[in-house]
Amino acid sequence: SIHNKIYGEVIVNYMTANMNRLQRERGADFGSGYVNPNKSLNMELVLLKFQNFMHDQYSKHDRDFLERHGRLVYLAFMKPILNGHGYDFKEVQISEERRLDVTITFYQHKYVAELKIWRGQIAHEKGLLQLSDYLDRLKLTQGYLIIFDHKEIKTWDSGWIEYKDKKIFIVWV
């Protein structure tokens with residue numbers, strides 16, 4: 001038992017600092033498992049983990065939420081992964097007053113994710129066209145589409161598709 005509160009505080013701070021230093025030295029950074037050797041993000045793995053997180057937390061009571069709520073959950077999921085090495089931007093304005101849903105920069109890499117609520121195949125095609133157009137404007141060849149599917153029976157699908165000379169990774173949550 002430490003009788004002097006100041007010494008107690010100093011000891012706790014010292015031990016906490018040592019523990020944090022050891023974790024950094026051992027690579028216990030939460031986001032490090034998502035980083036490729038060239039310091040790019042493994043966005044496929046990130047989105048699959050996000051899908052898994054949503055699957056684990058899903059309740060039928062959550063079906064009626066807006067697209068912006070999905071973006072909020074996605075951005076909160078991304079924060080510890082970016083952890084000072086990258087930034088997320090929502091509703092980024094590009095040319096002709098168009099807005100991207102989410103842009104992520106990580107070191108020198110840029111990623112564009114479009115978030116949509118499933119409203120049928122026609123709306124899905126429009127979303128793919130929109131994402132492809134954004135990628136063209138930013139001179140990117142890969143993009144990411146997160147679809148919030150509120151059907152009674154969810155598929156939880158994921159996969160890469162080719163769309164207008166772009167590679168797009170899609171996850172349904």
# chains A, B, ... in the order shown; residues from 1 in each chain; ligands from 1
call {"tool": "select_by_dssp", "arguments": {"residues": "region 30-163 of chain A", "states": "strand (DSSP E)", "output": "number ranges by chain"}}
result
A: 86-93, 99-106, 109-117, 142-148, 158-163
call {"tool": "residues_around", "arguments": {"residues": "Leu48 (chain A)", "least_positions_apart": "3", "cutoff": "8 Å", "atoms": "only C-alpha atoms", "output": "list in words"}}
result
Glu44, Leu45, Gln51, Asn52, Ser158 and Val171 of chain A
call {"tool": "closest_residue", "arguments": {"among": "A:Glu9, A:Asp149, A:Asp88, A:Asp165", "to": "Gly120 (chain A)", "atoms": "only C-alpha atoms"}}
result
A:Asp149
call {"tool": "residues_around", "arguments": {"residues": "region 131-137 of chain A", "least_positions_apart": "3", "cutoff": "10 Å", "atoms": "only C-alpha atoms", "output": "VMD selection string"}}
result
chain A and resid 94 to 95 98 to 101 111 to 115 125 to 128 140 to 145 163 to 168
call {"tool": "atom_distance", "arguments": {"atom1": "CA of Met43 (chain A)", "atom2": "CA of Glu162 (chain A)"}}
result
16.5 Å
call {"tool": "residues_around", "arguments": {"residues": "Thr155 (chain A)", "least_positions_apart": "4", "cutoff": "9 Å", "atoms": "only C-alpha atoms", "output": "ChimeraX atom specification"}}
result
/A:149,151,172-173
call {"tool": "closest_residue", "arguments": {"among": "A:Tyr87, A:Phe169, A:Trp160, A:Phe53", "to": "Ile146 (chain A)", "atoms": "only C-alpha atoms"}}
result
A:Phe169
